[in-house]
Amino acid sequence: MSIYDTLNKEQKEAVFQTEGPVLILAGAGSGKTRVITHRIAYLMDECGVNPWNILAITFTNKAAGEMRERVDRLIGFGSESIWISTFHSMCVRMLRRYSDRIGYENSFTIYDTDDQKQLMKDVYKKLGIDTGDIAPRAVLSAISSAKNELISPAQYKEQNGSDYRNRVIGDAYEEYQRMLKANNAMDFDDLLMMTVILFQNDDAVLKNYQERFHYIMVDEYQDTNSAQFELIRLLSAGRHNLCVVGDDDQSIYKFRGANIRNILDFEKLYPDAKVVKLEQNYRSTGNVLDAANAVIANNTNRKPKKLWCDQGRGNKLHFRRFNTGPEEASFIAQDIERRIRQDGSLSYRDFAVLYRTNAQSRLLEEKLLFLSIPYDLIGGTNFYERREIRDILSYLKTIDNGVDDLAVRRILNVPKRGIGQTTIDRVQAFADEGGISFYDALKRIGDIPSAGRAKAKIEEFTSLIEGLRIRAAGSSLKDLIDGIVTATDYEAFLKDTYEEDSADRIANIGELVNKAVSYEEGVFEEAGDERGGVSLLTGFLEEVALIADIDQVGDSDDRVLLMTLHSAKGLEFRNVYMAGMEEGLFPSQMSIDAPDDEGVEEERRLAYVGITRAREDLTLTYAMSRMVHGEVRYSPVSRFLLEIPEELLDESIRITSGGYADEQPYSSRSSGYRKEGDYDDYDFGHKYSSPYAEQAPVKKDNRLKAVYVKPHTAEEKKPFIARSMAKNGVNAGLSGLSKGQPSPKQKPDYTEGDRVRHVKFGDGTVRLLEDTPRDYKVTVEFDEAGQKVMYAAFAKLEKIDG
DNA sequence: TAGTTGGGTTTTTTT
DNA sequence: AACCCAACTA
């Protein structure tokens with residue numbers, strides 16, 4: 001009995017073929033990760049390969065961590081010496097060691113999207129390009145594509161015609177790259193391209209890595225771009241032991257340069273490649289797979305394959321149509337609540353709601369919060385993109401690497417020090433003339449003639465930084481961050497800049513400190529880690545830069561997950577909702593408008609990814625109308641829904657399909673168990689209008705603006721709420737509501753740390769009490785039910801002793 | 001220099 | 001609806 005006995009025939013073939021190029025075409029849920037981990041185990045266990053000689057590349061840090069863990073469980077030794085990482089972190093690791101050989105300092109910083117935008121603004125200013133002429137984002141995206149194709153600024157200029165647009169982009173690319181280097185910074189695309197350049201220019205370095213990595217494995221190969229392809233090709237050129245795993249049907253990252261040809265042409269590049277197809281699915285039931293197969297069959301350019309399973313038909317897929325987005329979201333929230341109530345084996349973590357665009361998450365969040373359903377939102381505004389976090393990180397960057405002009409300029413007047421644009425421009429001009437960094441120019445403020453009044457303020461700033469630098473040398477990251485916050489009186493700054501949610505923001509900084517502490521602990525644990533002498537601070541900043549949204553998800557929390565279809569790749573859930581199944585949204589209008597059908601085919605692959613996330617149960621929802629950019633948009637049912645054979649669905653689409661959904665009266669659709677009028681927007685706790693409404697000033701755009709409708713008093717609300725409750729049927733999920741209407745915003749009589757009792761969840765401890773515009777948001781750690789976030793007015797928590 | 005206001009633009013997806 | 005920017009005022 002060996003660990004390999006549990007593999008099926010094809011999986012074994014893939015595991016045992018250790019030599020030469022191997023292409024594993026792994027359908028969704030076909031046990032791909034099992035194959036990779038068993039293959040690594042087999043190499044080490046049976047073939048005597050040193051773990052040090054194995055490289056495995058995954059798509060996300062989360063996947064990397066899981067893979068290491070699973071290898072460990074299989075063989076129990078040596079997994080820590082295998083290189084398992086993402087493309088980007090692998091490149092950083094190599095560049096930290098050798099980037100001085102291509103003209104960067106090894107302490108380079110990493111620029112994220114926001115930094116890129118900022119830098120591009122400077123480029124525009126310097127070259128005198130008009131933002132109205134060519135959108136900066138268009139230039140950045142052209143540069144990104146160029147880098148993904150390994151095209152240098154010089155090559156770009158050479159290859160592209162001399163028409164105005166191309167010339168501007170070429171010049172901007174050149175200047176952008178020059179400024180990056182001056183700031184000792186690389187953007188995400190540079191990490192890949194510079195590593196390739198390093199390999200191309202320095203044979204010794206390449207040889208070194210070729211000799212180190214005897215066996216290379218690449219996961220999600222269908223999403224590699226040309227730079228990644230070249231990287232892998234170079235690395236594996238010595239021994240050709242390259243095993244790539246992927247599924248051309250799940251290629252969904254064309255917009256960031258992924259080249260589907262990499263996987264489709266693998267056999268052309270390596271004629272001796274062994275090809276293994278994994279088509280047996282271990283994840284989903286028959287109906288789900290049939291739907292996935294039927295949808296993806298509409299794509300033309302693909303390697304034919306068909307998923308199958310021996311798990312029986314399972315439930316039919318559910319289709320639900322709604323008039324508006326809020327109704328759709330209400331339904332999903334209630335449906336989750338209902339299922340959990342009816343099936344004791346289900347808990348929140350068994351549910352995921354997937355959507356095409358991040359903007360769709362807002363409504364869902366609102367409705368889940370309303371029903372006190374705990375959830376986690378993946379993506380959207382990343383934690384590290386929040387203003388307060390970026391400020392603190394900029395302080396850290398400035399302390400760590402004074403050459404990063406962007407970081408210095410960001411914090412120079414944050415909190416306000418009375419240093420204005422004029423001063424900044426003068427300092428910048430001085431820096432440009434002398435060819436020195438912005439920070440060094442600040443330190444020589446005495447040499448800048450016209451800087452009279454600002455001089456004292458700037459000296460204050462630089463001595464602040466110098467002081468923190470001294471502090472950084474000996475202290476922990478936590479102490480350093482605390483030091484920054486204290487020295488700048490940052491909390492006071494937050495409090496008077498953001499009256500509304502300053503508490504949230506202060507809490508975020510606390511969260512950053514937590515992350516710093518756990519990073520530090522991690523570094524001390526893995527003393528063997530070859531960080532190449534990089535300082536604690538540099539290491540932390542680097543990890544922060546490369547973190548992906550999905551990496552944050554732990555499986556310890558019992559929460560519903562909300563995320564985009566893109567983020568969901570690689571995950572699985574017992575119950576999946578796909579929301580917003582509408583033409584123009586999914587597939588996106590852009591892909592529909594494109595002259596060829598490649599865009600729509602990519603969207604269809606995204607649909608395939610979404611469908612195959614479901615293990616047992618899949619619900620597809622459609623909203624006839626939806627608010628987009630502040631106006632109502634009506635859309636027909638998504639073509640992807642129509643591609644699902646009708647007999648797989650529990651409710652017919654066709655009655656109202658084939659055109660705009662409002663072509664037929666709403667009441668003519670088939671009924672199912674749902675009655676007309678169900679799932680209305682429950683959102684009457686705030687912002688609804690009625691004859692009772694009064695006029696009052698209201699905030700719009702976060703500014704005090706026009707005269708608007710003021711929420712009703714509790715007394716006025718009563719008839720409305722009674723009607724609404726009768727119509728919708730109050731259920732246990734609305735426990736707080738069923739006892740009456742929510743009271744107007746009122747500070748609860750409990751506070752953080754207090755013990756409280758909830759009618760449904762029992763006793764618990766208040767962890768967090770936040771003041772939000774509508775109501776107090778309270779986070780409670782329940783003894784039995786775990787942690788929940790809810791609105792105080794609805795939760796009806798009762799303070800108890802002990 | 002800082003704060004306010006009006007107008008124009010925007011989002012598809014992410015390492 | 002939310003964000004960004006430029007112009008204006010104090």
# chains A, B, ... in the order shown; residues from 1 in each chain; ligands from 1
call {"tool": "interface_residues", "arguments": {"of": "chain C", "to": "chain A", "cutoff": "10 Å", "atoms": "only C-alpha atoms (C1' of nucleotides)", "output": "number ranges by chain"}}
result
C: 1-3
call {"tool": "interface_residues", "arguments": {"of": "chain A", "to": "chain B", "cutoff": "9 Å", "atoms": "only C-alpha atoms (C1' of nucleotides)", "output": "VMD selection string"}}
result
chain A and resid 59 to 60 86 to 88 188 to 189 252 to 253 255 to 256 356 to 359 418 to 421 546 to 548 564 to 567 585 588 590 629
call {"tool": "select_by_dssp", "arguments": {"residues": "stretch 364-560 of chain A", "states": "strand (DSSP E)", "output": "ChimeraX atom specification"}}
result
/A:375-377,560
